[in-house]
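Have a look at the structure below before the remarks.
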Amino acid sequence: MSAPRTLFEKIWDEHVIVVSPQGEALLYVDFNLINEGQSFLAFDQLRMEGRRARRPEQHLAVTDHYLPTINRALGTAGMPNPEIRRVVEMLDENAAEFRLPHVGWFHPDQGIAHVIAPELGIAQPGMLITCNDSHTATNGACGALAVPIGGGNQLRHVVATQTVWLKQPKTMRISIDGRLPNAVTAKDVVLSVIREIGVGGATGYAVEYAGPAITAMSMEGRLTVCNMSIEAGARIGMIAPDETTYQFLAGSKNAPQDGDWDAALAYWQTLPTDADAVFDRELAFDAARFAPMVSWGTSPDDCSPVDGVVPDPAQIADAERRRHVERALDYMRLTPTTPLERIAIDRVFIGSCTNSRIEDLRAAAQVLKGRRAVVPGMVSPGSSAVKRQAESEGLDRIFIAAGLEWRDSGCSMCNGSNGELVAPGERCASTTNRNFEGRQGRGALTHIMSPAMVAAAALSGRLADVRRFD
Amino acid sequence: MLAFTVLTAIAAPLDIAKIDTGMILPGRYMRRHRRPGHDYGEAFLYDLRFDETGRPRRDFVLNDPAYHEAKILVAGGDFGCGSSREGAAFAVMDYGLRALLAPSFGEIFQVNCIQNGILAVTLAEPVIHDLWRQLRARPGSALTIDLPNQRLIAPDGMRHEFDIGPLRKDRLIRGIDDIDVTLEHLDGIEAFEAKRRARLPWLPAAKRDARA
Ligand code: SF4
């Protein structure tokens, strides 16, 4: 019998080709996703060196960050900003030149890379997946080991060799015990954990989320939790595959077919962490104590249950933390001790790889149904498939009737690469994952929360407790 | 990648601390294609080299004709700090530099330089100051950098040892980057791949025209 191992260790060990004398492992990459970002640097360099993609079929180029969410039918002509258009075109050209499969603005599968990889069944248990984006861990919800890589040299290396050099991280298990209270969602779980352990709390670790509250979650919820691993510093976040995972995968385009399904299933069932496996660090939380969360500051751990107040720096003993909170409140234009529910907002955004899947849109629509938002806002589904599904359920009509814009899919206002920005000084309730200074645009004031909470905020014109809208 | 063994070349003194990657490669160049004849050489330290109207700043050291052939830059502390933009190392390389000497470097920038065949080594601050003094006294003087022996020979003939990790040194001397290092394991990669495919035949493979 081999020693008991964690889910992470099993997949890691399975992919090691060689370990360098310096202790870095050369790992095999089963699949790599590529977005526009800085990927052109990798391709420019490969071109100058005369190198090709070693395994083109194990890559998927996905246009998501720079694609506008309107006027899609016009193609690149619908991108008035020449710089943005150029970035989109460069990925088109590079994918064509390096013969990489590509999901561009024209494609029926188009969407945010971290939304479409699980949706298409590209992210499967036991796989090692890379992507030149910090939220790659999202795919870990499918029981995969998904690692972010740099858009320049690391991506160039993966394209040329189908491998990546990595230092083995430590392991951490975060258990969420018990059951989630009414109206508390996956977003609230992960925000509560980040609030507790801080933005550096999981740095250097591969995190496995476990426990009854995680097991009870849908795939959509699990994807939301793993998505925000990086907001606690962890580059890797994952959840053991189980019945929920298998059912989700079974309907997807890339699911193992026929006879392969049984073999795949048998393999996947060997992956969950062994009973006696030891983690470098273990944390446990009681789900019953979680509440709907909103952020008030400029870092994802600057958040609080919605019935709380803006913190008072004068009450913070730690000098460094106090300075951060002072600066955050100054940027966010907030006064200490203001009840969070008194903070008026100017707009809302529902979208991003954190919360733009069908379940997220249903949750927001349920709150908005038959009501009118008092502030403007937009809804951008995470993929074209999610968009079609939502329209078949009539969710688009609910959003539009509530006064919100129903857009195409993409990263959009999550970080505004495509030019869809929150205006300076505007306050936005957003389902995204980062509330950094300027994240949604220069001077934009971002509050992050769950889709249902954003819907409640849209109806109230201020941060609001969704539990009042039942 | 170009190999680096012994280099004797003109060195330019750049007496400014904390030149960050945003100064080395201004943000507006970051979305620009880099190809032969249209590389990042122009972008290198652009705002230090040129004024708002695009005219060379006469008082900036690199605009002195004595340094036009410089391949070595003797820089101030924290050279290449700031954002991790990899294009900054390309700008250094495309400008024509092969070696950077400074009291300290931004860590990611230093790794990126070595990855691209640029020797970036730290020297004690007094040594840097002494080099600046000598280079200013005789603009256009040459330094010799002897990587195999980890030694620098100053214009006055003084020798200074420097540190460099064995792995980085080996890569620079052999002129190989991490792809070359990896491809030394190509047999292992191929064997691994064949075995994995046979055992897990269902792993997804995307199609070039996934539209179908
Ligand atoms: S949706 Fe936002 S966080 Fe996700 S990949 Fe796009 S920009 Fe990054």
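In the structure tokens, the first chain shown is A, the next is B, and so on; residue numbers restart at 1 for each chain, and ligands run from 1 in the order shown.
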
Checklist entry - If we count only C-alpha atoms, which residues of chain A reach to within 7 Å of chain B? Please list them as a ChimeraX atom specification. => result /A:17,44,48,57-60,87,99-102,107,122,152,157,254,256,260

Item to check | Residues near Ile176 in chain A, cut-off 8 Å, only C-alpha atoms, skip fewer than 4 positions along chain, as a list in words | outcome: Tyr209, Ala210, Gly211, Pro212, Ala213, Ile214, Ala284, Phe285, Asp286 and Ala287 of chain A

Would you mind exporting the chosen residues as a PDB file, in the first residue's frame, restricted to C-alpha atoms?
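As written to disk, again-v9.pdb reads:
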ATOM      1  CA  TYR A 209     -12.234  22.788  -0.029  1.00  0.00           C
ATOM      2  CA  ALA A 210     -14.157  20.035   1.734  1.00  0.00           C
ATOM      3  CA  GLY A 211     -16.856  19.355   4.268  1.00  0.00           C
ATOM      4  CA  PRO A 212     -20.635  18.926   4.142  1.00  0.00           C
ATOM      5  CA  ALA A 213     -21.413  22.480   2.999  1.00  0.00           C
ATOM      6  CA  ILE A 214     -19.079  22.066   0.006  1.00  0.00           C
ATOM      7  CA  ALA A 284     -12.515  24.459   9.663  1.00  0.00           C
ATOM      8  CA  PHE A 285     -15.485  26.813   9.550  1.00  0.00           C
ATOM      9  CA  ASP A 286     -19.052  26.438  10.734  1.00  0.00           C
ATOM     10  CA  ALA A 287     -21.416  27.135   7.847  1.00  0.00           C
TER      11      ALA A 287
END

Checklist entry - Can you list, as a ChimeraX atom specification, every protein, DNA or RNA residue that comes within 8 Å of Pro241 in chain A when you count only C-alpha atoms, leaving out same-chain residues fewer than 4 positions away? => result /A:125,141-143,245-246,268-269,271-272

Now that the selection is made, can you save its residues with N, CA, C and O atoms as a CSV table (one decimal), in the first residue's frame?
chain,number,residue,atom,x,y,z
A,125,PRO,N,-11.8,15.7,-13.8
A,125,PRO,CA,-11.0,15.3,-12.6
A,125,PRO,C,-9.7,14.7,-13.0
A,125,PRO,O,-9.6,14.0,-14.0
A,141,ALA,N,-12.6,23.2,-9.3
A,141,ALA,CA,-13.9,22.7,-8.8
A,141,ALA,C,-14.3,21.4,-9.5
A,141,ALA,O,-15.1,20.7,-8.9
A,142,CYS,N,-13.8,21.1,-10.6
A,142,CYS,CA,-14.1,19.9,-11.3
A,142,CYS,C,-13.1,18.8,-10.9
A,142,CYS,O,-13.1,17.7,-11.6
A,143,GLY,N,-12.3,19.0,-9.9
A,143,GLY,CA,-11.4,17.9,-9.4
A,143,GLY,C,-10.1,17.9,-10.2
A,143,GLY,O,-9.4,16.9,-10.3
A,245,THR,N,-20.1,16.3,-9.6
A,245,THR,CA,-19.2,16.5,-10.6
A,245,THR,C,-19.5,15.6,-11.9
A,245,THR,O,-19.5,16.1,-13.0
A,246,TYR,N,-19.7,14.4,-11.6
A,246,TYR,CA,-19.9,13.4,-12.7
A,246,TYR,C,-21.2,13.8,-13.5
A,246,TYR,O,-21.2,13.7,-14.7
A,268,TRP,N,-11.6,8.4,-11.8
A,268,TRP,CA,-11.9,9.6,-11.0
A,268,TRP,C,-12.2,9.2,-9.6
A,268,TRP,O,-11.9,10.0,-8.6
A,269,GLN,N,-12.8,8.0,-9.4
A,269,GLN,CA,-13.2,7.7,-8.0
A,269,GLN,C,-12.0,7.3,-7.1
A,269,GLN,O,-12.1,7.2,-5.9
A,271,LEU,N,-9.5,9.4,-7.0
A,271,LEU,CA,-8.8,10.7,-6.7
A,271,LEU,C,-9.0,11.3,-5.4
A,271,LEU,O,-8.1,12.0,-4.8
A,272,PRO,N,-10.2,11.2,-4.8
A,272,PRO,CA,-10.4,12.0,-3.5
A,272,PRO,C,-9.4,11.6,-2.4
A,272,PRO,O,-8.8,10.5,-2.4

Next on the checklist: List as a PyMOL selection string the protein and nucleic acid residues lying within 7 Å of ligand 1, with only C-alpha atoms and all ligand atoms counted.
Outcome noted: chain A and resi 64-65+112-114+133+135+352-354+410-411+414-415+432-433

Next on the checklist: Using only C-alpha atoms, which protein or nucleic acid residues come within 10 Å of Val115 in chain A? Drop anything in the same chain fewer than 2 positions from it, and give the result as a ChimeraX atom specification.
Outcome noted: /A:110-113,117-120,138-139,220,223,352-357,381-383,385-386,410

Just write the chosen residues, N, CA, C and O atoms, as an mmCIF file, in the first residue's frame.
data_model
loop_
_atom_site.group_PDB
_atom_site.id
_atom_site.type_symbol
_atom_site.label_atom_id
_atom_site.label_comp_id
_atom_site.auth_asym_id
_atom_site.auth_seq_id
_atom_site.Cartn_x
_atom_site.Cartn_y
_atom_site.Cartn_z
ATOM 1 N N GLN A 110 -18.373 30.881 -27.384
ATOM 2 C CA GLN A 110 -17.618 31.995 -26.801
ATOM 3 C C GLN A 110 -18.064 32.267 -25.364
ATOM 4 O O GLN A 110 -19.247 32.174 -25.020
ATOM 5 N N GLY A 111 -17.110 32.613 -24.534
ATOM 6 C CA GLY A 111 -17.400 32.930 -23.142
ATOM 7 C C GLY A 111 -16.108 33.184 -22.404
ATOM 8 O O GLY A 111 -15.035 33.233 -23.006
ATOM 9 N N ILE A 112 -16.210 33.363 -21.092
ATOM 10 C CA ILE A 112 -15.019 33.550 -20.276
ATOM 11 C C ILE A 112 -14.332 32.188 -20.132
ATOM 12 O O ILE A 112 -14.999 31.188 -19.836
ATOM 13 N N ALA A 113 -13.022 32.159 -20.340
ATOM 14 C CA ALA A 113 -12.283 30.887 -20.353
ATOM 15 C C ALA A 113 -12.652 30.008 -19.161
ATOM 16 O O ALA A 113 -12.914 28.815 -19.319
ATOM 17 N N ALA A 117 -14.440 26.328 -19.916
ATOM 18 C CA ALA A 117 -13.665 25.079 -19.779
ATOM 19 C C ALA A 117 -14.457 24.020 -18.996
ATOM 20 O O ALA A 117 -14.573 22.882 -19.455
ATOM 21 N N PRO A 118 -15.051 24.372 -17.859
ATOM 22 C CA PRO A 118 -15.908 23.375 -17.182
ATOM 23 C C PRO A 118 -17.153 23.039 -18.006
ATOM 24 O O PRO A 118 -17.521 21.873 -18.135
ATOM 25 N N GLU A 119 -17.765 24.065 -18.580
ATOM 26 C CA GLU A 119 -19.004 23.880 -19.326
ATOM 27 C C GLU A 119 -18.824 22.917 -20.512
ATOM 28 O O GLU A 119 -19.693 22.097 -20.802
ATOM 29 N N LEU A 120 -17.686 23.009 -21.193
ATOM 30 C CA LEU A 120 -17.423 22.149 -22.348
ATOM 31 C C LEU A 120 -16.856 20.793 -21.938
ATOM 32 O O LEU A 120 -16.559 19.957 -22.791
ATOM 33 N N THR A 138 -10.341 28.260 -10.789
ATOM 34 C CA THR A 138 -11.772 27.993 -10.959
ATOM 35 C C THR A 138 -12.006 26.544 -11.383
ATOM 36 O O THR A 138 -12.868 25.843 -10.838
ATOM 37 N N ASN A 139 -11.207 26.086 -12.349
ATOM 38 C CA ASN A 139 -11.372 24.738 -12.907
ATOM 39 C C ASN A 139 -11.136 23.632 -11.879
ATOM 40 O O ASN A 139 -11.491 22.483 -12.118
ATOM 41 N N GLU A 220 -21.911 24.992 -9.913
ATOM 42 C CA GLU A 220 -21.797 26.449 -10.050
ATOM 43 C C GLU A 220 -21.215 27.054 -8.773
ATOM 44 O O GLU A 220 -20.301 27.871 -8.820
ATOM 45 N N LEU A 223 -17.546 26.189 -8.330
ATOM 46 C CA LEU A 223 -16.701 26.975 -9.238
ATOM 47 C C LEU A 223 -16.470 28.373 -8.664
ATOM 48 O O LEU A 223 -15.382 28.939 -8.757
ATOM 49 N N SER A 352 -18.776 38.100 -14.760
ATOM 50 C CA SER A 352 -17.423 37.647 -14.402
ATOM 51 C C SER A 352 -17.358 36.147 -14.159
ATOM 52 O O SER A 352 -18.367 35.490 -13.914
ATOM 53 N N CYS A 353 -16.123 35.637 -14.190
ATOM 54 C CA CYS A 353 -15.915 34.196 -14.005
ATOM 55 C C CYS A 353 -16.286 33.742 -12.607
ATOM 56 O O CYS A 353 -16.343 32.549 -12.335
ATOM 57 N N THR A 354 -16.543 34.676 -11.701
ATOM 58 C CA THR A 354 -16.942 34.297 -10.341
ATOM 59 C C THR A 354 -18.421 33.936 -10.283
ATOM 60 O O THR A 354 -18.805 32.937 -9.677
ATOM 61 N N ASN A 355 -19.255 34.752 -10.880
ATOM 62 C CA ASN A 355 -20.712 34.629 -10.708
ATOM 63 C C ASN A 355 -21.468 34.985 -11.979
ATOM 64 O O ASN A 355 -22.198 35.975 -12.018
ATOM 65 N N SER A 356 -21.315 34.179 -13.025
ATOM 66 C CA SER A 356 -22.063 34.487 -14.251
ATOM 67 C C SER A 356 -22.621 33.221 -14.876
ATOM 68 O O SER A 356 -22.978 33.208 -16.042
ATOM 69 N N ARG A 357 -22.657 32.153 -14.071
ATOM 70 C CA ARG A 357 -23.209 30.909 -14.592
ATOM 71 C C ARG A 357 -24.725 30.909 -14.406
ATOM 72 O O ARG A 357 -25.283 31.798 -13.775
ATOM 73 N N PRO A 381 -23.748 37.386 -19.205
ATOM 74 C CA PRO A 381 -23.624 35.957 -18.896
ATOM 75 C C PRO A 381 -22.199 35.477 -19.144
ATOM 76 O O PRO A 381 -21.488 36.021 -19.987
ATOM 77 N N GLY A 382 -21.786 34.440 -18.411
ATOM 78 C CA GLY A 382 -20.397 33.981 -18.490
ATOM 79 C C GLY A 382 -20.030 33.313 -19.796
ATOM 80 O O GLY A 382 -18.858 33.185 -20.129
ATOM 81 N N SER A 383 -21.036 32.858 -20.532
ATOM 82 C CA SER A 383 -20.749 32.232 -21.819
ATOM 83 C C SER A 383 -21.963 32.395 -22.717
ATOM 84 O O SER A 383 -23.066 32.691 -22.250
ATOM 85 N N ALA A 385 -23.375 29.987 -24.168
ATOM 86 C CA ALA A 385 -24.285 28.892 -23.814
ATOM 87 C C ALA A 385 -25.146 29.285 -22.619
ATOM 88 O O ALA A 385 -26.353 29.005 -22.588
ATOM 89 N N VAL A 386 -24.539 29.931 -21.639
ATOM 90 C CA VAL A 386 -25.325 30.413 -20.486
ATOM 91 C C VAL A 386 -26.357 31.419 -20.981
ATOM 92 O O VAL A 386 -27.510 31.421 -20.538
ATOM 93 N N GLY A 410 -18.497 37.821 -21.644
ATOM 94 C CA GLY A 410 -17.094 38.234 -21.663
ATOM 95 C C GLY A 410 -16.721 38.735 -20.282
ATOM 96 O O GLY A 410 -17.562 38.760 -19.377
#

Next on the checklist: Which residues are near Ile128 in chain B? Cut-off 7 Å, only C-alpha atoms, ignore same chain within fewer than 4 positions. Put them as a VMD selection string.
Outcome noted: chain B and resid 74 102 to 103 123 to 124 132

Just to be explicit: take each residue in the selection above, keep N, CA, C and O atoms, and write the result as a JSON list (two decimals), in the first residue's frame.
[["chain", "number", "residue", "atom", "x", "y", "z"],
["B", 74, "VAL", "N", 25.65, 50.27, -16.20],
["B", 74, "VAL", "CA", 25.95, 50.24, -14.77],
["B", 74, "VAL", "C", 24.88, 51.11, -14.11],
["B", 74, "VAL", "O", 24.91, 52.34, -14.21],
["B", 102, "ALA", "N", 24.20, 46.38, -11.14],
["B", 102, "ALA", "CA", 23.49, 47.31, -10.25],
["B", 102, "ALA", "C", 23.64, 46.81, -8.82],
["B", 102, "ALA", "O", 23.92, 45.63, -8.59],
["B", 103, "PRO", "N", 23.41, 47.68, -7.84],
["B", 103, "PRO", "CA", 23.47, 47.23, -6.45],
["B", 103, "PRO", "C", 22.35, 46.25, -6.12],
["B", 103, "PRO", "O", 22.48, 45.40, -5.26],
["B", 123, "LEU", "N", 26.41, 44.12, -7.70],
["B", 123, "LEU", "CA", 27.73, 44.44, -7.16],
["B", 123, "LEU", "C", 27.51, 45.37, -5.97],
["B", 123, "LEU", "O", 26.51, 46.10, -5.94],
["B", 124, "ALA", "N", 28.44, 45.36, -5.04],
["B", 124, "ALA", "CA", 28.29, 46.22, -3.86],
["B", 124, "ALA", "C", 28.21, 47.69, -4.29],
["B", 124, "ALA", "O", 28.83, 48.08, -5.29],
["B", 132, "TRP", "N", 31.01, 54.16, -11.80],
["B", 132, "TRP", "CA", 30.42, 55.40, -12.33],
["B", 132, "TRP", "C", 31.49, 56.47, -12.48],
["B", 132, "TRP", "O", 31.58, 57.16, -13.49]]

Next on the checklist: With DSSP run on the backbone, what are the strand (DSSP E or B) residues within range 120-185 of chain B? I'd like them as a PyMOL selection string.
Outcome noted: chain B and resi 120-122+142-146+151-153+159-161

Item to check | Separation of CA of Arg427 in chain A from CA of Asp346 in chain A in Å | outcome: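 One can read the CA of Asp346 in chain A to CA of Arg427 in chain A distance as 5.1 Å.
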
Next on the checklist: Would you pick out the contacts of Asp47 in chain B at 9 Å or less, using only C-alpha atoms, so that residues sharing its chain but fewer than 6 positions from it are not included, and give the list as a ChimeraX atom specification?
Outcome noted: /B:23-24,26,54

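Residues of range 123-208 of chain A that DSSP, applied to the backbone, places in helix (DSSP H, G or I): Thr136, Ala137, Thr138, Asn139, Gly140, Ala141, Cys142, Asn153, Gln154, Leu155, Arg156, His157, Val158, Val159, Ala160, Thr161, Ala186, Lys187, Asp188, Val189, Val190, Leu191, Ser192, Val193, Ile194, Arg195, Glu196 and Ile197 of chain A.
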
Could those selected residues go to a file with C-alpha atoms, as a PDB file, in the first residue's frame?
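Result file part.pdb:
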ATOM      1  CA  THR A 136      -7.403  29.528 -13.389  1.00  0.00           C
ATOM      2  CA  ALA A 137      -8.065  27.712 -10.083  1.00  0.00           C
ATOM      3  CA  THR A 138     -11.772  27.993 -10.959  1.00  0.00           C
ATOM      4  CA  ASN A 139     -11.372  24.738 -12.907  1.00  0.00           C
ATOM      5  CA  GLY A 140     -10.247  23.026  -9.718  1.00  0.00           C
ATOM      6  CA  ALA A 141     -13.919  22.722  -8.785  1.00  0.00           C
ATOM      7  CA  CYS A 142     -14.069  19.899 -11.340  1.00  0.00           C
ATOM      8  CA  ASN A 153       7.620  33.189 -20.916  1.00  0.00           C
ATOM      9  CA  GLN A 154       5.669  30.556 -18.983  1.00  0.00           C
ATOM     10  CA  LEU A 155       2.985  30.437 -21.649  1.00  0.00           C
ATOM     11  CA  ARG A 156       5.661  30.274 -24.348  1.00  0.00           C
ATOM     12  CA  HIS A 157       7.134  27.286 -22.518  1.00  0.00           C
ATOM     13  CA  VAL A 158       3.789  25.462 -22.261  1.00  0.00           C
ATOM     14  CA  VAL A 159       3.028  26.033 -25.948  1.00  0.00           C
ATOM     15  CA  ALA A 160       6.479  24.846 -27.045  1.00  0.00           C
ATOM     16  CA  THR A 161       6.818  21.843 -24.733  1.00  0.00           C
ATOM     17  CA  ALA A 186     -21.011  30.091  -2.301  1.00  0.00           C
ATOM     18  CA  LYS A 187     -19.805  33.696  -2.752  1.00  0.00           C
ATOM     19  CA  ASP A 188     -20.615  34.432   0.883  1.00  0.00           C
ATOM     20  CA  VAL A 189     -18.739  31.290   1.944  1.00  0.00           C
ATOM     21  CA  VAL A 190     -15.569  32.207   0.117  1.00  0.00           C
ATOM     22  CA  LEU A 191     -15.727  35.885   1.153  1.00  0.00           C
ATOM     23  CA  SER A 192     -16.186  34.800   4.788  1.00  0.00           C
ATOM     24  CA  VAL A 193     -13.148  32.517   4.549  1.00  0.00           C
ATOM     25  CA  ILE A 194     -11.022  35.250   2.934  1.00  0.00           C
ATOM     26  CA  ARG A 195     -12.136  37.744   5.572  1.00  0.00           C
ATOM     27  CA  GLU A 196     -10.989  35.299   8.235  1.00  0.00           C
ATOM     28  CA  ILE A 197      -7.612  34.233   6.816  1.00  0.00           C
TER      29      ILE A 197
END

Next on the checklist: Counting only C-alpha atoms, which residue out of A:Thr163, A:Thr203, A:Thr446, A:Thr6 sits closest to Glu426 in chain A?
Outcome noted: A:Thr446

Item to check | Nearby residues (only C-alpha atoms) at most 9 Å from Leu143 in chain B, same-chain spacing under 5 positions excluded, as a PyMOL selection string | outcome: chain B and resi 7-11+72+152-155
